[in-house]
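One structure is given here, and the rest of the page talks about it.
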Amino acid sequence: MLCEPPAMRALVTMAAAVVLLALVATLGWDIATIATRPLDGVEGDVLFEASRVRSGLPLWVDPSVGARDYGAVPARYYVLYPPLWSALLSLVPAGAAPLVARVVAAAAWLGVLVVAAASGSSLEARRVALLLAAFAAGAWVLSFYGMSGRPDAPAVALAGIALLRSARRGRVDALAGALFALAAWVKPNVVGAFPGAMVGTCALAFAARRRLADALRAAVPGIAGAAAVTIAAALVLTLLSGRTWLVHLLASTGQPPSLALWTEQLASRAPFFAAPLAVALVVGLARRRTVASYALVTSLAWCVLSLAKIGSAANYFLEPFVVAVVVVAQLDLATRAVRPSVLAGVALVVQALWTGVASVRSSFEHVGLARERAAFLAKTRRTCTGIVMADEPGLELALNGRIVATPFQSTHLARRGAFPLEAWLEDVSRPEIACLVMQDDLLERPLTTVSLEHDRFGTELRVALRAHFVHVLERGRFHLYRRVP
């Protein structure tokens with residue numbers, strides 16, 4: 001049953017008020033903490049890689065040997081992604097790189113949402129698309145990743161621009177195909193929209209003339225553009241490192257899937273994101289199907305499937321939301337047949353309230369948390385006169401100007417016998433490592449308590465760390481350990 005305009009206006013007004021409140025709170029959090037909140041693990045990885053490129057040091061090294069440019073304790077790491085984002089950050093002075101990375105990423109995330117919404121086919125479509133864009137930008141758990149110095153937002157922005165270009169033309173041309181491929185080379189998981197956009201290109205071409213040859217011919221430019229970028233990127237990386245870049249990429253991102261993690265992710269993410277994405281998908285497919293509506297199908301499918309991979313998080317929803325904004329912006333909302341029902345309207349309001357309240361709470365909480373953690377890191381610098389080891393590369397980079405290891409990747413590789421555990425244990429025992437920083441109480445838990453999906457150190461490392469370090473401080477949910485004399 002269709003909603004009467006006054007009732008729908010009231011529902012939209014309620015949703016918009018909550019969404020805007022959450023947006024203001026989330027933007028306030030980002031502005032208040034952008035220069036002070038600790039670097040996360042991926043930020044630490046890419047900024048460390050940028051530091052090596054900036055200094056003219058080899059980027060790809062054998063982790064069993066480590067990069068020995070920093071003294072007695074080597075840096076044992078894998079290059080996390082194809083280093084396009086790291087190479088760009090290497091052009092920025094080291095002291096400014098973390099802030100520049102976050103500013104550029106935030107501009108990319110917010111910018112692609114605004115541009116996608118502004119591309120609407122009518123004033124009403126633009127308003128609804130802008131509301132959806134505000135929902136995505138105001139969802140703190142999304143913008144936590146979209147406004148970090150990770151490569152996620154730049155990659156999603158490239159894919160979003162490619163989709164916008166394809167939506168306007170009704171096909172993926174060579175430039176759009178190149179942009180889709182470039183997005184994947186910046187961040188490998190941003191590949192969900194491209195297959196659907198290509199299917200949409202072929203489907204629209206077939207519908208126009210009912211000839212299979214025309215449908216296949218329509219796909220050629222997009223595939224050619226994507227292939228050109230992919231071949232060029234692979235050749236450059238191979239010339240720079242041989243096949244080592246591929247070894248590092250697979251080792252860094254090839255964590256196994258987990259049914260338990262997939263269930264956990266769906267249960268925790270769906271309540272915050274499901275309603276707007278589902279409505280955009282259903283309404284988009286109910287209309288004359290477009291390149292963007294096909295792209296939303298594959299982007300969502302890839303997102304849901306990828307949540308099973310150990311290491312996945314809410315950042316996997318960045319691309320589907322940008323695609324959803326493009327889909328909504330293309331709708332002809334003057335047509336009564338595509339107006340949402342009362343049930344859909346209520347679902348959207350409930351979703352706005354649920355996500356909005358959580359985002360406002362998280363924004364305020366993390367402003368205070370960032371302040372506490374900055375004070376914790378300052379005290380750690382005063383307390384520890386040697387190298388500080390941590391369970392995240394971002395913390396190590398902030399405290400040392402270098403990293404010691406990449407615990408997330410290394411732990412999962414060590415479980416498979418693919419990382420030199422003995423060398424890692426030897427590093428832990430070195431007296432040059434004065435302190436250890438942990439983001440949780442993993443070392444305080446019984447050794448029998450193991451989370452294969454979330455633990456940053458395996459049992460052997462936990463035993464060694466307990467033997468060499470003693471807990472001295474907890475603040476901002478961070479734990480400081482000092483080496484046992």
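Convention: chains lettered A, B, ... in structure tokens order; per-chain residue numbering from 1; ligands numbered from 1 as shown.
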
Requested in this report: Apply DSSP to the backbone of this structure and, from segment 220-399 of chain A, keep only the residues in helix (DSSP H, G or I); write these as a ChimeraX atom specification.
Outcome: /A:220-241,244-253,259-286,291-306,314-329,336-338,342-383,393-399

What lies within 8 Å of Ile161 of chain A using only C-alpha atoms, ignoring chain neighbours under 4 positions off, as a PDB file with all heavy atoms, in the first residue's frame?
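Saved as result-v5.pdb:
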ATOM      1  N   VAL A 112      32.745  11.788  -3.144  1.00  0.00           N
ATOM      2  CA  VAL A 112      32.075  10.889  -4.080  1.00  0.00           C
ATOM      3  C   VAL A 112      30.600  10.729  -3.718  1.00  0.00           C
ATOM      4  O   VAL A 112      29.738  10.594  -4.597  1.00  0.00           O
ATOM      5  CB  VAL A 112      32.793   9.527  -4.148  1.00  0.00           C
ATOM      6  CG1 VAL A 112      32.576   8.697  -2.881  1.00  0.00           C
ATOM      7  CG2 VAL A 112      32.367   8.744  -5.377  1.00  0.00           C
ATOM      8  N   ALA A 157      36.186   6.021  -4.252  1.00  0.00           N
ATOM      9  CA  ALA A 157      35.911   7.216  -5.048  1.00  0.00           C
ATOM     10  C   ALA A 157      36.173   6.954  -6.535  1.00  0.00           C
ATOM     11  O   ALA A 157      35.388   7.374  -7.400  1.00  0.00           O
ATOM     12  CB  ALA A 157      36.765   8.384  -4.556  1.00  0.00           C
ATOM     13  N   ARG A 165      30.061   7.736 -14.491  1.00  0.00           N
ATOM     14  CA  ARG A 165      30.293   7.898 -15.926  1.00  0.00           C
ATOM     15  C   ARG A 165      29.513   6.844 -16.717  1.00  0.00           C
ATOM     16  O   ARG A 165      28.876   7.149 -17.735  1.00  0.00           O
ATOM     17  CB  ARG A 165      31.787   7.783 -16.211  1.00  0.00           C
ATOM     18  CG  ARG A 165      32.160   7.929 -17.678  1.00  0.00           C
ATOM     19  CD  ARG A 165      33.668   7.803 -17.883  1.00  0.00           C
ATOM     20  NE  ARG A 165      34.007   7.896 -19.295  1.00  0.00           N
ATOM     21  CZ  ARG A 165      34.214   9.018 -19.955  1.00  0.00           C
ATOM     22  NH1 ARG A 165      34.121  10.178 -19.309  1.00  0.00           N
ATOM     23  NH2 ARG A 165      34.514   9.010 -21.240  1.00  0.00           N
ATOM     24  N   ALA A 176      35.931   4.411 -18.114  1.00  0.00           N
ATOM     25  CA  ALA A 176      35.286   3.877 -16.910  1.00  0.00           C
ATOM     26  C   ALA A 176      35.900   2.535 -16.529  1.00  0.00           C
ATOM     27  O   ALA A 176      36.156   2.264 -15.346  1.00  0.00           O
ATOM     28  CB  ALA A 176      33.787   3.734 -17.128  1.00  0.00           C
ATOM     29  N   LEU A 179      39.133   3.161 -14.813  1.00  0.00           N
ATOM     30  CA  LEU A 179      38.948   3.659 -13.447  1.00  0.00           C
ATOM     31  C   LEU A 179      38.520   2.543 -12.500  1.00  0.00           C
ATOM     32  O   LEU A 179      38.977   2.479 -11.347  1.00  0.00           O
ATOM     33  CB  LEU A 179      37.921   4.787 -13.435  1.00  0.00           C
ATOM     34  CG  LEU A 179      38.363   6.098 -14.095  1.00  0.00           C
ATOM     35  CD1 LEU A 179      37.184   7.061 -14.191  1.00  0.00           C
ATOM     36  CD2 LEU A 179      39.512   6.730 -13.313  1.00  0.00           C
TER      37      LEU A 179
END

Query - Minimum-distance residue to Ala275 of chain A, chosen among A:Ser252, A:Ile310, A:Leu348, A:Leu216 (using only C-alpha atoms) - result: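 Nearest to Ala275 of chain A: A:Leu348.
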
Report task. Quick one: pull the distance between atom CA of Ser122 of chain A and atom CA of Val172 of chain A, Å, one decimal. Result ->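 Between atom CA of Ser122 of chain A and atom CA of Val172 of chain A the gap is 22.8 Å.
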
Report task. Write out as number ranges by chain each polymer residue whose atoms come within 9 Å of segment 463-479 of chain A, counting only C-alpha atoms; drop sequence neighbours fewer than 4 positions from it. Result -> A: 368-376, 425, 428-429, 434-441, 443-444, 447, 458-459, 483-485

Using only C-alpha atoms, tabulate the residues of segment 378-448 of chain A lying at most 9 Å from any atom of segment 19-38 of chain A, each with its closest atom pair and that distance in Å to one decimal, by chain and increasing residue number, as JSON lines.
{"residue": "A:Gly394", "atom": "CA", "partner": "A:Pro38", "partner_atom": "CA", "distance": 7.2}
{"residue": "A:Leu395", "atom": "CA", "partner": "A:Pro38", "partner_atom": "CA", "distance": 6.7}
{"residue": "A:Ala398", "atom": "CA", "partner": "A:Pro38", "partner_atom": "CA", "distance": 7.6}

Query - Long-range neighbours of segment 65-79 of chain A as a list in words, 8 Å cut-off, only C-alpha atoms, 3 positions minimum in chain - result: Asp45, Glu49, Leu59, Trp60, Val61, Asp62, Pro82, Pro83, Trp245, His248, Leu249, Ala251, Ser252, Arg402, Ile403, Val404, Ala405, Thr406, Ser410, Asp427, Arg430, Glu432 and Ile433 of chain A

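From atom CA of Glu43 of chain A back to atom CA of Glu392 of chain A, the distance works out to 9.7 Å.
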
Report task. Please provide as a list in words all residues within 8 Å of Leu131 of chain A, with the sequence filter that same-chain residues fewer than 4 positions apart are discarded (counting only C-alpha atoms). Result -> Ala16, Val19, Arg127 and Phe135 of chain A

Output N, CA, C and O atoms of each residue in that selection to a file, as a CSV table (one decimal), in the first residue's frame.
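Dumped everything to out.csv:
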chain,number,residue,atom,x,y,z
A,16,ALA,N,15.3,12.4,8.2
A,16,ALA,CA,16.3,13.4,7.8
A,16,ALA,C,16.9,14.0,9.1
A,16,ALA,O,18.1,14.3,9.1
A,19,VAL,N,19.3,11.6,10.7
A,19,VAL,CA,20.5,11.5,9.8
A,19,VAL,C,21.4,12.7,9.9
A,19,VAL,O,22.6,12.6,10.0
A,127,ARG,N,17.4,15.0,-3.8
A,127,ARG,CA,17.1,15.2,-2.4
A,127,ARG,C,17.2,13.8,-1.7
A,127,ARG,O,17.8,13.7,-0.6
A,135,PHE,N,23.3,9.7,5.2
A,135,PHE,CA,23.2,8.6,6.1
A,135,PHE,C,24.5,7.8,6.1
A,135,PHE,O,25.1,7.5,7.2

Query raised in the report: Quick one: residues within 8 Å of Phe321 of chain A, only C-alpha atoms counted, chain neighbours fewer than 4 positions away excluded, as a PyMOL selection string?
Result: chain A and resi 133+136+277+317+325

Requested in this report: Rank A:Ala347, A:Leu318, A:Leu442, A:Ala301 by their smallest atom-to-atom distance to Asp455 of chain A, using only C-alpha atoms, and report the top residue only.
Outcome: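 With only C-alpha atoms as the atom set, the closest residue is A:Leu442.
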
**Report entry** All residues 12 Å or closer to Gln351 of chain A, only C-alpha atoms, same chain fewer than 5 positions away omitted, as a list in words
**Finding:**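 What passes the distance filter is Leu11, Val12, Met14, Ala15, Ala16, Val18, Val19, Leu132, Phe135, Ala136, Ala139, Arg269, Ala270, Pro271, Phe272, Phe273, Ala274, Ala275, Pro276, Leu277, Ala278, Val279, Ala344, Gly345, Val346, Gly356, Val357, Ala358 and Ser359 of chain A.
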
Query raised in the report: Which one is closest to Tyr81 of chain A: A:Ala183, A:Ala292, A:Val46, A:Val282? Count only C-alpha atoms.
Result: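 For Tyr81 of chain A, the nearest of the given residues is A:Val46.
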
Query raised in the report: For Thr263 of chain A, which residue out of A:Ala96, A:Ala280, A:Leu296, A:Val304 is the nearest one, using only C-alpha atoms?
Result: A:Val304

Report task. Go through A:Ala352, A:Val283, A:Ala94, A:Val297 and flag the residue nearest Pro195 of chain A, using only C-alpha atoms for the distances. Result ->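 Ranking A:Ala352, A:Val283, A:Ala94, A:Val297 by distance to Pro195 of chain A, first place goes to A:Val297.
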